[in-house]
$ cat start-v3.csv   # CSV, C-alpha atoms
chain,number,residue,atom,x,y,z
M,430,MET,CA,0.0,0.0,0.0
M,431,SER,CA,3.0,2.3,0.4
M,432,ALA,CA,5.1,3.2,-2.5
M,433,GLY,CA,8.3,3.9,-0.7
M,434,PRO,CA,10.9,1.4,0.5
M,435,ARG,CA,9.7,-1.1,3.1
M,436,LYS,CA,10.4,0.0,6.7
M,437,LYS,CA,11.4,-2.2,9.5
M,438,LEU,CA,8.6,-2.1,12.1
M,439,MET,CA,8.7,-3.8,15.5
M,440,TYR,CA,5.8,-4.2,17.8
M,441,LEU,CA,7.4,-4.4,21.2
M,442,ASN,CA,5.1,-5.9,23.9
M,443,ARG,CA,6.0,-5.5,27.5
M,444,ARG,CA,2.7,-6.0,29.3
M,445,ALA,CA,0.7,-8.9,30.5
M,446,PRO,CA,-2.5,-9.6,28.5
M,447,GLY,CA,-5.2,-9.5,31.1
M,448,GLY,CA,-4.8,-6.5,33.5
M,449,THR,CA,-4.9,-3.7,30.9
M,450,ILE,CA,-6.1,-3.3,27.3
M,451,TYR,CA,-2.7,-2.5,25.8
M,452,ALA,CA,-2.0,-6.1,24.6
M,453,VAL,CA,-5.3,-6.6,22.8
M,454,GLU,CA,-5.3,-3.1,21.2
M,455,GLY,CA,-1.7,-3.6,20.3
M,456,LEU,CA,-2.5,-6.8,18.5
M,457,GLU,CA,-5.2,-4.9,16.5
M,458,VAL,CA,-2.5,-2.5,15.2
M,459,VAL,CA,-0.3,-5.5,14.2
M,460,LEU,CA,-3.2,-7.1,12.2
M,461,ILE,CA,-4.2,-3.8,10.5
M,462,GLY,CA,-0.5,-3.0,9.9
M,463,ALA,CA,0.0,-6.3,8.1
M,464,ALA,CA,-1.9,-4.8,5.1
M,465,PHE,CA,1.0,-2.3,4.6
M,466,ASP,CA,3.5,-4.9,3.4
M,467,GLN,CA,6.4,-3.7,5.6
M,468,ASP,CA,9.2,-5.6,7.2
M,469,VAL,CA,7.4,-6.5,10.4
M,470,CYS,CA,8.4,-8.4,13.6
M,471,MET,CA,7.0,-8.6,17.1
M,472,ALA,CA,9.0,-8.8,20.4
M,473,PHE,CA,7.9,-10.0,23.8
M,474,VAL,CA,9.8,-8.7,26.7
M,475,GLY,CA,9.1,-8.6,30.5
M,476,ASP,CA,5.5,-9.4,31.3
M,477,GLY,CA,4.8,-9.3,27.6
M,478,VAL,CA,5.8,-12.9,27.4
M,479,TYR,CA,2.6,-13.8,29.3
M,480,GLN,CA,0.7,-12.7,26.2
M,481,LEU,CA,1.9,-16.0,24.5
M,482,LYS,CA,1.2,-18.3,27.5
M,483,ALA,CA,-0.7,-21.4,26.4
M,484,GLY,CA,-4.0,-22.3,28.0
M,485,GLN,CA,-5.5,-18.8,28.5
M,486,ASP,CA,-9.2,-19.2,29.3
M,487,THR,CA,-11.2,-16.2,30.3
M,488,SER,CA,-14.5,-18.0,30.3
M,489,ASP,CA,-14.9,-17.6,34.1
M,490,SER,CA,-13.8,-13.9,34.2
M,491,GLY,CA,-16.3,-12.4,31.9
M,492,VAL,CA,-13.9,-10.8,29.4
M,493,LYS,CA,-13.2,-11.7,25.8
M,494,ASN,CA,-10.4,-14.2,25.3
M,495,PHE,CA,-8.3,-12.7,22.5
M,496,SER,CA,-5.4,-15.1,22.8
M,497,PRO,CA,-6.6,-17.2,19.8
M,498,ALA,CA,-6.0,-14.1,17.6
M,499,TYR,CA,-2.2,-14.7,18.0
M,500,ARG,CA,-2.7,-17.9,16.0
M,501,ALA,CA,-3.9,-15.8,13.0
M,502,LEU,CA,-0.6,-13.8,12.9
M,503,GLY,CA,1.0,-16.4,10.6
M,504,ASP,CA,-1.8,-15.9,8.1
M,505,TYR,CA,-1.1,-12.2,8.1
M,506,ASP,CA,2.6,-12.8,7.3
M,507,VAL,CA,3.6,-11.8,10.8
M,508,ASN,CA,5.9,-14.7,11.4
M,509,ARG,CA,8.8,-13.4,13.4
M,510,LEU,CA,7.9,-13.3,17.1
M,511,TYR,CA,11.0,-12.7,19.2
M,512,VAL,CA,10.6,-13.8,22.8
M,513,GLU,CA,13.3,-12.8,25.2
M,514,ARG,CA,14.9,-15.7,26.9
M,515,GLU,CA,15.8,-13.9,30.1
M,516,SER,CA,12.2,-12.7,30.5
M,517,LEU,CA,10.9,-16.3,30.2
M,518,GLU,CA,13.4,-17.6,32.7
M,519,GLU,CA,12.7,-14.8,35.2
M,520,ARG,CA,9.1,-15.9,35.1
M,521,GLY,CA,9.8,-19.6,35.4
M,522,LEU,CA,8.7,-20.2,31.8
M,523,GLY,CA,10.1,-22.0,28.9
M,524,VAL,CA,9.1,-22.1,25.2
M,525,ASP,CA,7.0,-25.2,25.9
M,526,ASP,CA,4.7,-23.1,28.1
M,527,LEU,CA,3.8,-20.8,25.1
M,528,MET,CA,1.2,-21.3,22.4
M,529,PRO,CA,2.7,-23.2,19.5
M,530,LEU,CA,2.4,-20.5,16.9
M,531,THR,CA,3.3,-21.4,13.3
M,532,TRP,CA,3.2,-20.1,9.8
M,533,GLU,CA,3.2,-21.7,6.4
M,534,ASP,CA,6.1,-20.9,4.1
M,535,GLU,CA,4.8,-20.6,0.6
M,536,ASP,CA,8.4,-20.5,-0.8
M,537,ASP,CA,9.0,-23.9,0.9
M,538,ASP,CA,6.0,-25.9,-0.3
M,539,TRP,CA,3.8,-24.5,2.5
M,540,ALA,CA,5.9,-26.1,5.1
M,541,GLU,CA,4.7,-25.3,8.6
M,542,LYS,CA,7.4,-23.4,10.6
M,543,PRO,CA,7.5,-22.0,14.1
M,544,SER,CA,6.9,-18.3,14.4
M,545,ILE,CA,8.3,-18.0,17.9
M,546,HIS,CA,12.0,-17.4,18.2
M,547,VAL,CA,13.6,-17.3,21.6
M,548,VAL,CA,16.4,-14.8,21.6
M,549,ASP,CA,18.6,-13.5,24.4
M,550,ARG,CA,18.6,-10.0,25.7
M,551,ALA,CA,21.7,-8.9,23.8
M,552,GLU,CA,20.3,-10.1,20.5
M,553,LEU,CA,17.0,-8.4,21.2
M,554,ALA,CA,18.8,-5.1,22.0
M,555,ARG,CA,20.5,-5.3,18.5
M,556,LEU,CA,17.1,-6.1,16.9
M,557,ILE,CA,15.5,-3.0,18.6
M,558,ASP,CA,18.4,-0.9,17.4
M,559,ALA,CA,18.0,-2.0,13.8
M,560,GLN,CA,14.3,-1.0,13.5
M,561,ASP,CA,13.0,2.1,11.7
M,562,VAL,CA,10.0,2.3,14.0
M,563,VAL,CA,9.2,0.5,17.3
M,564,PHE,CA,5.6,0.5,18.5
M,565,ASN,CA,5.3,-0.1,22.3
M,566,PHE,CA,2.3,-1.8,23.7
L,1396,MET,CA,11.6,16.7,9.4
L,1397,LYS,CA,8.2,15.0,9.3
L,1398,ILE,CA,7.2,13.9,12.7
L,1399,GLY,CA,4.3,11.7,13.8
L,1400,LEU,CA,3.1,11.5,17.4
L,1401,LEU,CA,1.2,8.7,19.1
L,1402,VAL,CA,-0.7,9.6,22.3
L,1403,ASN,CA,-1.9,6.6,24.3
L,1404,GLU,CA,-3.4,8.1,27.5
L,1405,GLY,CA,-6.3,10.3,28.3
L,1406,PRO,CA,-6.0,13.9,29.4
L,1407,TYR,CA,-5.4,14.9,33.0
L,1408,GLN,CA,-5.1,11.2,34.1
L,1409,HIS,CA,-1.6,11.0,32.8
L,1410,GLN,CA,1.0,13.5,31.7
L,1411,ALA,CA,1.4,11.9,28.3
L,1412,ALA,CA,-1.1,14.2,26.6
L,1413,ASP,CA,0.7,17.3,28.1
L,1414,THR,CA,4.2,16.1,27.1
L,1415,ALA,CA,2.9,15.3,23.6
L,1416,PHE,CA,1.4,18.7,23.2
L,1417,GLN,CA,4.5,20.6,24.4
L,1418,PHE,CA,6.6,18.4,22.1
L,1419,ALA,CA,4.4,19.1,19.1
L,1420,GLN,CA,4.5,22.8,19.8
L,1421,ALA,CA,8.2,22.9,20.1
L,1422,ALA,CA,8.7,20.8,17.0
L,1423,ILE,CA,6.5,23.3,15.0
L,1424,GLU,CA,8.4,26.2,16.4
L,1425,LYS,CA,11.6,24.6,15.2
L,1426,GLY,CA,10.2,24.4,11.7
L,1427,HIS,CA,9.4,20.7,11.6
L,1428,GLU,CA,6.2,19.3,10.3
L,1429,VAL,CA,3.9,17.5,12.7
L,1430,PHE,CA,2.4,15.2,10.2
L,1431,ARG,CA,-0.2,13.6,12.4
L,1432,VAL,CA,-1.1,13.1,16.1
L,1433,PHE,CA,-2.7,9.7,16.5
L,1434,PHE,CA,-4.8,9.1,19.6
L,1435,TYR,CA,-5.0,5.5,20.7
L,1436,HIS,CA,-6.1,3.5,23.8
L,1437,ASP,CA,-7.5,6.0,26.4
L,1438,GLY,CA,-5.8,8.7,24.4
L,1439,VAL,CA,-9.0,8.9,22.3
L,1440,ASN,CA,-10.5,10.8,25.3
L,1441,ASN,CA,-8.4,13.8,24.3
L,1442,GLY,CA,-10.9,14.3,21.5
L,1443,THR,CA,-14.2,14.9,23.4
L,1444,ARG,CA,-15.4,18.4,23.4
L,1445,LEU,CA,-17.5,17.8,26.5
L,1446,ALA,CA,-14.7,18.0,29.0
L,1447,THR,CA,-15.0,20.9,31.4
L,1448,PRO,CA,-11.8,21.3,33.4
L,1449,PRO,CA,-11.6,23.9,36.1
L,1450,GLN,CA,-11.1,27.4,34.7
L,1451,ASP,CA,-7.7,27.9,36.3
L,1452,ASP,CA,-6.3,24.7,34.7
L,1453,ARG,CA,-5.2,24.1,31.1
L,1454,HIS,CA,-7.9,23.0,28.6
L,1455,ILE,CA,-6.2,20.0,27.0
L,1456,GLN,CA,-8.8,19.5,24.2
L,1457,ARG,CA,-8.9,23.1,23.2
L,1458,ARG,CA,-5.2,23.3,23.1
L,1459,TRP,CA,-5.1,20.4,20.6
L,1460,THR,CA,-7.9,22.1,18.6
L,1461,ALA,CA,-6.0,25.4,18.5
L,1462,LEU,CA,-2.9,23.5,17.3
L,1463,ALA,CA,-4.9,21.9,14.5
L,1464,GLU,CA,-6.4,25.2,13.5
L,1465,ALA,CA,-3.2,27.2,13.6
L,1466,HIS,CA,-0.8,24.7,12.0
L,1467,GLY,CA,-3.0,22.2,10.2
L,1468,VAL,CA,-2.0,19.3,12.4
L,1469,ASP,CA,-4.0,16.2,11.6
L,1470,LEU,CA,-5.5,15.0,14.8
L,1471,VAL,CA,-6.8,11.4,14.3
L,1472,VAL,CA,-8.8,9.4,16.9
L,1473,CYS,CA,-8.7,5.7,16.4
L,1474,VAL,CA,-12.2,4.5,15.5
L,1475,ALA,CA,-12.1,1.1,17.2
L,1476,ALA,CA,-10.7,2.6,20.5
L,1477,ALA,CA,-13.1,5.5,20.3
L,1478,GLN,CA,-16.2,3.2,19.9
L,1479,ARG,CA,-15.2,1.3,23.0
L,1480,ARG,CA,-14.9,4.5,25.0
L,1481,GLY,CA,-17.8,6.5,23.7
L,1482,ILE,CA,-16.1,9.0,21.5
L,1483,CYS,CA,-18.0,9.6,18.2
L,1484,ASP,CA,-18.5,12.0,15.4
L,1485,PRO,CA,-21.9,12.6,13.7
L,1486,ASP,CA,-21.4,9.8,11.2
L,1487,GLU,CA,-20.4,7.3,13.9
L,1488,ALA,CA,-23.3,8.4,16.1
L,1489,LYS,CA,-25.8,7.8,13.3
L,1490,ARG,CA,-24.3,4.5,12.3
L,1491,ASN,CA,-24.4,3.2,15.8
L,1492,GLY,CA,-27.7,4.6,16.7
L,1493,LYS,CA,-26.4,7.1,19.4
L,1494,ASP,CA,-28.4,10.2,20.4
L,1495,ALA,CA,-25.4,12.5,20.4
L,1496,ASP,CA,-21.8,12.9,19.2
L,1497,ASN,CA,-18.9,14.5,21.1
L,1498,ILE,CA,-15.9,14.8,18.8
L,1499,ALA,CA,-14.1,18.1,19.3
L,1500,PRO,CA,-13.3,20.5,16.4
L,1501,GLY,CA,-10.1,19.7,14.6
L,1502,PHE,CA,-10.2,16.0,15.5
L,1503,ARG,CA,-11.3,13.3,13.1
L,1504,ILE,CA,-12.1,9.7,13.6
L,1505,SER,CA,-10.4,7.1,11.4
L,1506,GLY,CA,-8.8,3.7,11.3
L,1507,LEU,CA,-5.6,2.2,12.7
L,1508,GLY,CA,-4.2,2.3,9.2
L,1509,GLN,CA,-3.6,6.0,9.8
L,1510,LEU,CA,-1.2,5.2,12.6
L,1511,VAL,CA,0.7,2.7,10.5
L,1512,GLU,CA,0.8,5.1,7.6
L,1513,ALA,CA,2.2,7.8,9.9
L,1514,ALA,CA,4.9,5.4,11.0
L,1515,ILE,CA,5.8,4.7,7.4
L,1516,GLU,CA,5.5,8.3,6.1
L,1517,CYS,CA,7.2,10.1,8.9
L,1518,ASP,CA,10.9,10.5,9.6
L,1519,ARG,CA,10.2,9.9,13.3
L,1520,LEU,CA,7.4,8.5,15.3
L,1521,VAL,CA,7.4,9.5,19.0
L,1522,THR,CA,5.1,7.7,21.5
L,1523,PHE,CA,3.7,9.3,24.6
L,1524,GLY,CA,1.9,7.0,27.0
L,1525,ASP,CA,1.8,5.1,30.3
B,1341,MET,CA,21.8,3.4,13.9
B,1342,THR,CA,21.7,5.5,17.1
B,1343,VAL,CA,18.5,5.3,19.1
B,1344,LEU,CA,17.0,7.8,21.5
B,1345,HIS,CA,15.5,5.9,24.4
B,1346,THR,CA,12.9,7.7,26.6
B,1347,VAL,CA,11.9,6.7,30.0
B,1348,ASN,CA,8.9,8.2,31.7
B,1349,LYS,CA,8.5,6.1,34.9
B,1350,SER,CA,9.9,6.5,38.3
B,1351,PRO,CA,12.6,3.9,38.8
B,1352,PHE,CA,11.2,3.3,42.3
B,1353,GLU,CA,7.8,2.1,40.9
B,1354,LYS,CA,8.5,0.4,37.5
B,1355,ASP,CA,11.4,-1.4,35.9
B,1356,SER,CA,11.3,0.8,32.7
B,1357,LEU,CA,14.7,2.4,33.4
B,1358,ASP,CA,16.4,-0.9,34.1
B,1359,THR,CA,14.7,-2.5,31.0
B,1360,CYS,CA,15.8,0.5,29.0
B,1361,ILE,CA,19.4,0.3,30.2
B,1362,ALA,CA,19.5,-3.5,29.6
B,1363,HIS,CA,18.3,-3.0,26.0
B,1364,ALA,CA,20.1,0.2,24.9
B,1365,LEU,CA,23.3,-0.3,23.0
B,1366,ASP,CA,26.5,1.5,23.8
B,1367,GLY,CA,26.5,5.0,22.4
B,1368,SER,CA,22.7,5.4,22.7
B,1369,THR,CA,21.0,8.3,24.4
B,1370,VAL,CA,18.6,8.0,27.3
B,1371,LEU,CA,16.2,10.9,27.9
B,1372,LEU,CA,14.3,10.9,31.2
B,1373,ILE,CA,10.9,12.6,31.1
B,1374,GLU,CA,7.8,12.9,33.3
B,1375,ASP,CA,8.3,10.7,36.5
B,1376,GLY,CA,11.4,9.2,34.8
B,1377,VAL,CA,13.4,12.3,35.9
B,1378,TYR,CA,13.5,11.1,39.5
B,1379,ALA,CA,16.2,8.7,38.4
B,1380,ALA,CA,18.5,11.6,37.7
B,1381,THR,CA,18.8,12.8,41.3
B,1382,ARG,CA,21.8,12.2,43.5
B,1383,GLY,CA,21.7,10.1,46.7
B,1384,THR,CA,19.2,7.5,45.6
B,1385,VAL,CA,19.6,3.7,45.5
B,1386,VAL,CA,19.3,4.1,41.7
B,1387,GLU,CA,22.2,6.5,41.3
B,1388,PRO,CA,24.9,3.8,41.0
B,1389,ARG,CA,23.0,2.1,38.2
B,1390,VAL,CA,22.5,5.4,36.4
B,1391,ARG,CA,26.2,6.3,36.8
B,1392,ASP,CA,27.2,2.9,35.6
B,1393,ALA,CA,25.0,3.3,32.5
B,1394,MET,CA,26.4,6.8,31.9
B,1395,GLN,CA,29.8,5.1,31.2
B,1396,ARG,CA,28.4,3.9,27.9
B,1397,MET,CA,25.3,6.0,27.1
B,1398,ASN,CA,24.4,9.7,27.1
B,1399,PHE,CA,21.9,10.8,29.7
B,1400,TYR,CA,19.5,13.8,29.5
B,1401,VAL,CA,16.6,15.0,31.6
B,1402,LEU,CA,13.7,17.1,30.5
B,1403,ALA,CA,14.4,20.2,32.7
B,1404,ASN,CA,10.7,21.3,32.6
B,1405,ASP,CA,9.7,18.1,34.4
B,1406,CYS,CA,12.6,18.5,36.9
B,1407,LYS,CA,11.4,22.0,37.8
B,1408,ALA,CA,7.8,20.9,38.1
B,1409,ARG,CA,8.9,18.3,40.7
B,1410,GLY,CA,11.1,20.6,42.7
B,1411,LEU,CA,14.3,19.0,41.4
B,1412,GLY,CA,16.8,21.8,41.1
B,1413,GLU,CA,19.9,21.6,38.8
B,1414,ASP,CA,22.1,21.1,42.0
B,1415,THR,CA,20.2,17.9,42.9
B,1416,LEU,CA,21.0,16.1,39.6
B,1417,ILE,CA,23.8,13.7,39.0
B,1418,ASP,CA,26.8,15.4,37.4
B,1419,GLY,CA,27.1,14.8,33.7
B,1420,ILE,CA,23.4,14.5,32.9
B,1421,GLY,CA,22.4,17.0,30.3
B,1422,ARG,CA,19.4,19.2,30.7
B,1423,VAL,CA,17.0,20.0,27.8
B,1424,ASP,CA,13.7,21.8,27.3
B,1425,TYR,CA,11.0,20.7,24.9
B,1426,GLY,CA,12.9,22.2,22.0
B,1427,GLY,CA,16.0,20.1,23.1
B,1428,PHE,CA,13.7,17.1,23.3
B,1429,VAL,CA,12.8,17.7,19.6
B,1430,ASP,CA,16.5,18.1,18.7
B,1431,LEU,CA,17.3,14.8,20.3
B,1432,VAL,CA,14.5,13.1,18.4
B,1433,THR,CA,15.7,14.5,15.1
B,1434,GLY,CA,19.3,13.9,15.9
B,1435,HIS,CA,18.9,10.2,16.4
B,1436,ASP,CA,17.7,7.6,13.8
B,1437,SER,CA,14.7,6.4,15.8
B,1438,VAL,CA,13.0,6.8,19.2
B,1439,GLN,CA,12.2,4.0,21.6
B,1440,SER,CA,9.8,4.9,24.4
B,1441,TRP,CA,10.1,2.6,27.4
B,1442,LEU,CA,6.7,3.2,28.9
$ encode --input "start-v3.csv" --output "structure tokens"
Amino acid sequence: MSAGPRKKLMYLNRRAPGGTIYAVEGLEVVLIGAAFDQDVCMAFVGDGVYQLKAGQDTSDSGVKNFSPAYRALGDYDVNRLYVERESLEERGLGVDDLMPLTWEDEDDDWAEKPSIHVVDRAELARLIDAQDVVFNF
Amino acid sequence: MKIGLLVNEGPYQHQAADTAFQFAQAAIEKGHEVFRVFFYHDGVNNGTRLATPPQDDRHIQRRWTALAEAHGVDLVVCVAAAQRRGICDPDEAKRNGKDADNIAPGFRISGLGQLVEAAIECDRLVTFGD
Amino acid sequence: MTVLHTVNKSPFEKDSLDTCIAHALDGSTVLLIEDGVYAATRGTVVEPRVRDAMQRMNFYVLANDCKARGLGEDTLIDGIGRVDYGGFVDLVTGHDSVQSWL
């Protein structure tokens, strides 16, 4: 949709999903932004890693469960989700505690590939530094 | 330079709207273009004309409106966030069967694409929030 | 790329400053605004962490927010630059991107 060169956009998530609206409204930006055909990635740091926790079920708390929407990201070509290793470890979590998010690679016979990439803090710092724009939610 | 601003918090509750305004004003004074101010999350509450702050305090909405009128700054309120929080213009009010609208002069309601577009079009995007 | 990082939270309430410092590359700039300016004062438990970070990053405070909080220039850690809103704008345009640690 934009004529200029593609920009590197990162959506940096540092908040837990339930206590405030930032995570769900942040995800809405990611899904809308996918139409702009930019170089997009997401990062999950601090409490943001809780957004990807498997098994979220809000049926007893009277709020909408938006966690299934993360599974749609692959269909929107948002397939680089960087999760900070230290943030997981600080919270007693490992990658097996997260939703198994995948995407289908059309350049590789639609092979199903994992979207989640666990990276250490130093690598994430370099990724942040390399972006043109970082959205914070 | 072309600068875009993202305001994520409502007026008075948090300093974000004040900092964003002061930044926008300073940027314009320095000859930069403030391409757009996008209001998201509770930031959409900057755009109601019904706020009545005490007379000895700043009027945050009117300050934004004046900035738009004086410098043509595009003040965009996110439609999805606005619908959740009861901010609407005449069209939105009609579409959703509301008995009133409350959007302030100088503000317009539009989609999230306007935020992503600002991020792509501007040389810098600066976020103000909580 | 050089990034301007902004921090607007008191370091005594939120981990935004520590998260910022942990993710800012050497040579970056950190601008403390709003309640973030409390991190710039001397004699706090945070001061050693700020001084340590100042070895590899440039630190600024928004002077308007210091004044509003009763933080005179003489209460700030030596070597932290002071800017007004115009200086904030110059920092934004003088770096390649802005990362707001909310």
$ residues_around --input "start-v3.csv" --residues "range 1389-1395 of chain B" --least-positions-apart "5" --cutoff "8 Å" --atoms "all atoms listed in the file" --output "list of chain:residue names"
B:Ile1361, B:Ala1379, B:Ala1380
$ residues_around --input "start-v3.csv" --residues "Asn1398 in chain B" --least-positions-apart "6" --cutoff "8 Å" --atoms "all atoms listed in the file" --output "list in words"
Gly1367, Ser1368, Thr1369, Val1370 and Ile1420 of chain B
$ atom_distance --input "start-v3.csv" --atom1 "CA of Phe495 in chain M" --atom2 "CA of Trp532 in chain M"
18.7 Å
$ interface_residues --input "start-v3.csv" --of "chain L" --to "chain B" --cutoff "9 Å" --atoms "all atoms listed in the file" --output "number ranges by chain"
L: 1396, 1398, 1410-1411, 1414, 1417-1422, 1424-1425, 1518-1525
$ residues_around --input "start-v3.csv" --residues "Ala1495 in chain L" --least-positions-apart "2" --cutoff "9 Å" --atoms "all atoms listed in the file" --output "mmCIF file with C-alpha atoms, in the coordinates of the input"
data_model
loop_
_atom_site.group_PDB
_atom_site.id
_atom_site.type_symbol
_atom_site.label_atom_id
_atom_site.label_comp_id
_atom_site.auth_asym_id
_atom_site.auth_seq_id
_atom_site.Cartn_x
_atom_site.Cartn_y
_atom_site.Cartn_z
ATOM 1 C CA CYS L 1483 -18.000 9.600 18.200
ATOM 2 C CA ASP L 1484 -18.500 12.000 15.400
ATOM 3 C CA PRO L 1485 -21.900 12.600 13.700
ATOM 4 C CA ALA L 1488 -23.300 8.400 16.100
ATOM 5 C CA LYS L 1489 -25.800 7.800 13.300
ATOM 6 C CA LYS L 1493 -26.400 7.100 19.400
ATOM 7 C CA ASN L 1497 -18.900 14.500 21.100
#
$ interface_residues --input "start-v3.csv" --of "chain M" --to "chain B" --cutoff "8 Å" --atoms "all atoms listed in the file" --output "PDB file with C-alpha atoms, keeping the file's coordinate frame"
ATOM      1  CA  ARG M 550      18.600 -10.000  25.700  1.00  0.00           C
ATOM      2  CA  ALA M 551      21.700  -8.900  23.800  1.00  0.00           C
ATOM      3  CA  LEU M 553      17.000  -8.400  21.200  1.00  0.00           C
ATOM      4  CA  ALA M 554      18.800  -5.100  22.000  1.00  0.00           C
ATOM      5  CA  ARG M 555      20.500  -5.300  18.500  1.00  0.00           C
ATOM      6  CA  ILE M 557      15.500  -3.000  18.600  1.00  0.00           C
ATOM      7  CA  ASP M 558      18.400  -0.900  17.400  1.00  0.00           C
ATOM      8  CA  ALA M 559      18.000  -2.000  13.800  1.00  0.00           C
ATOM      9  CA  GLN M 560      14.300  -1.000  13.500  1.00  0.00           C
ATOM     10  CA  ASP M 561      13.000   2.100  11.700  1.00  0.00           C
ATOM     11  CA  VAL M 562      10.000   2.300  14.000  1.00  0.00           C
ATOM     12  CA  VAL M 563       9.200   0.500  17.300  1.00  0.00           C
ATOM     13  CA  ASN M 565       5.300  -0.100  22.300  1.00  0.00           C
TER      14      ASN M 565
END
$ atom_distance --input "start-v3.csv" --atom1 "CA of Ala1499 in chain L" --atom2 "CA of Asn1441 in chain L"
8.7 Å
$ closest_atom_pairs --input "start-v3.csv" --of "chain M" --to "chain L" --cutoff "7 Å" --atoms "all atoms listed in the file" --output "JSON lines"
{"residue": "M:Lys436", "atom": "CA", "partner": "L:Ile1515", "partner_atom": "CA", "distance": 6.6}
{"residue": "M:Val458", "atom": "CA", "partner": "L:Leu1507", "partner_atom": "CA", "distance": 6.2}
{"residue": "M:Ile461", "atom": "CA", "partner": "L:Gly1508", "partner_atom": "CA", "distance": 6.2}
{"residue": "M:Gly462", "atom": "CA", "partner": "L:Val1511", "partner_atom": "CA", "distance": 5.9}
{"residue": "M:Val562", "atom": "CA", "partner": "L:Ala1514", "partner_atom": "CA", "distance": 6.7}
$ write_last_selection --input "start-v3.csv" --atoms "C-alpha atoms" --output "short mmCIF file (atom, residue, chain, number, x, y, z; two decimals), in the coordinates of the input"
data_model
loop_
_atom_site.label_atom_id
_atom_site.label_comp_id
_atom_site.auth_asym_id
_atom_site.auth_seq_id
_atom_site.Cartn_x
_atom_site.Cartn_y
_atom_site.Cartn_z
CA LYS M 436 10.40 0.00 6.70
CA VAL M 458 -2.50 -2.50 15.20
CA ILE M 461 -4.20 -3.80 10.50
CA GLY M 462 -0.50 -3.00 9.90
CA VAL M 562 10.00 2.30 14.00
#
$ residues_around --input "start-v3.csv" --residues "range 1466-1473 of chain L" --least-positions-apart "5" --cutoff "7 Å" --atoms "only C-alpha atoms" --output "number ranges by chain"
L: 1429-1435, 1439, 1501-1507
$ write_last_selection --input "start-v3.csv" --atoms "C-alpha atoms" --output "compact mmCIF listing (two decimals), keeping the file's coordinate frame"
# COMPACT_ATOMS: atom_id res chain seq x y z
CA VAL L 1429 3.90 17.50 12.70
CA PHE L 1430 2.40 15.20 10.20
CA ARG L 1431 -0.20 13.60 12.40
CA VAL L 1432 -1.10 13.10 16.10
CA PHE L 1433 -2.70 9.70 16.50
CA PHE L 1434 -4.80 9.10 19.60
CA TYR L 1435 -5.00 5.50 20.70
CA VAL L 1439 -9.00 8.90 22.30
CA GLY L 1501 -10.10 19.70 14.60
CA PHE L 1502 -10.20 16.00 15.50
CA ARG L 1503 -11.30 13.30 13.10
CA ILE L 1504 -12.10 9.70 13.60
CA SER L 1505 -10.40 7.10 11.40
CA GLY L 1506 -8.80 3.70 11.30
CA LEU L 1507 -5.60 2.20 12.70
$ atom_distance --input "start-v3.csv" --atom1 "CA of Glu533 in chain M" --atom2 "CA of Asp506 in chain M"
9.0 Å
$ residues_around --input "start-v3.csv" --residues "Tyr479 in chain M" --least-positions-apart "5" --cutoff "10 Å" --atoms "all atoms listed in the file" --output "NGL selection string"
:M and (442-447 or 473-474 or 485 or 516-517 or 520 or 522 or 526-527)
$ closest_residue --input "start-v3.csv" --among "M:Val453, M:Leu441, M:Leu502, M:Val492" --to "Pro529 in chain M" --atoms "only C-alpha atoms"
M:Leu502
$ decode --input "start-v3.csv" --residues "range 1341-1367 of chain B" --atoms "C-alpha atoms" --output "mmCIF file, in the first residue's frame"
data_model
loop_
_atom_site.group_PDB
_atom_site.id
_atom_site.type_symbol
_atom_site.label_atom_id
_atom_site.label_comp_id
_atom_site.auth_asym_id
_atom_site.auth_seq_id
_atom_site.Cartn_x
_atom_site.Cartn_y
_atom_site.Cartn_z
ATOM 1 C CA MET B 1341 21.812 3.419 13.901
ATOM 2 C CA THR B 1342 21.672 5.471 17.071
ATOM 3 C CA VAL B 1343 18.528 5.294 19.121
ATOM 4 C CA LEU B 1344 17.018 7.828 21.488
ATOM 5 C CA HIS B 1345 15.461 5.949 24.386
ATOM 6 C CA THR B 1346 12.919 7.744 26.555
ATOM 7 C CA VAL B 1347 11.909 6.666 30.049
ATOM 8 C CA ASN B 1348 8.891 8.234 31.731
ATOM 9 C CA LYS B 1349 8.525 6.086 34.861
ATOM 10 C CA SER B 1350 9.922 6.539 38.338
ATOM 11 C CA PRO B 1351 12.635 3.904 38.814
ATOM 12 C CA PHE B 1352 11.185 3.255 42.260
ATOM 13 C CA GLU B 1353 7.833 2.144 40.865
ATOM 14 C CA LYS B 1354 8.487 0.443 37.521
ATOM 15 C CA ASP B 1355 11.351 -1.393 35.862
ATOM 16 C CA SER B 1356 11.255 0.784 32.730
ATOM 17 C CA LEU B 1357 14.657 2.379 33.400
ATOM 18 C CA ASP B 1358 16.373 -0.947 34.100
ATOM 19 C CA THR B 1359 14.717 -2.486 31.030
ATOM 20 C CA CYS B 1360 15.838 0.486 28.964
ATOM 21 C CA ILE B 1361 19.421 0.277 30.210
ATOM 22 C CA ALA B 1362 19.478 -3.473 29.575
ATOM 23 C CA HIS B 1363 18.343 -3.003 25.970
ATOM 24 C CA ALA B 1364 20.137 0.192 24.924
ATOM 25 C CA LEU B 1365 23.328 -0.314 22.959
ATOM 26 C CA ASP B 1366 26.539 1.512 23.783
ATOM 27 C CA GLY B 1367 26.503 5.023 22.390
#
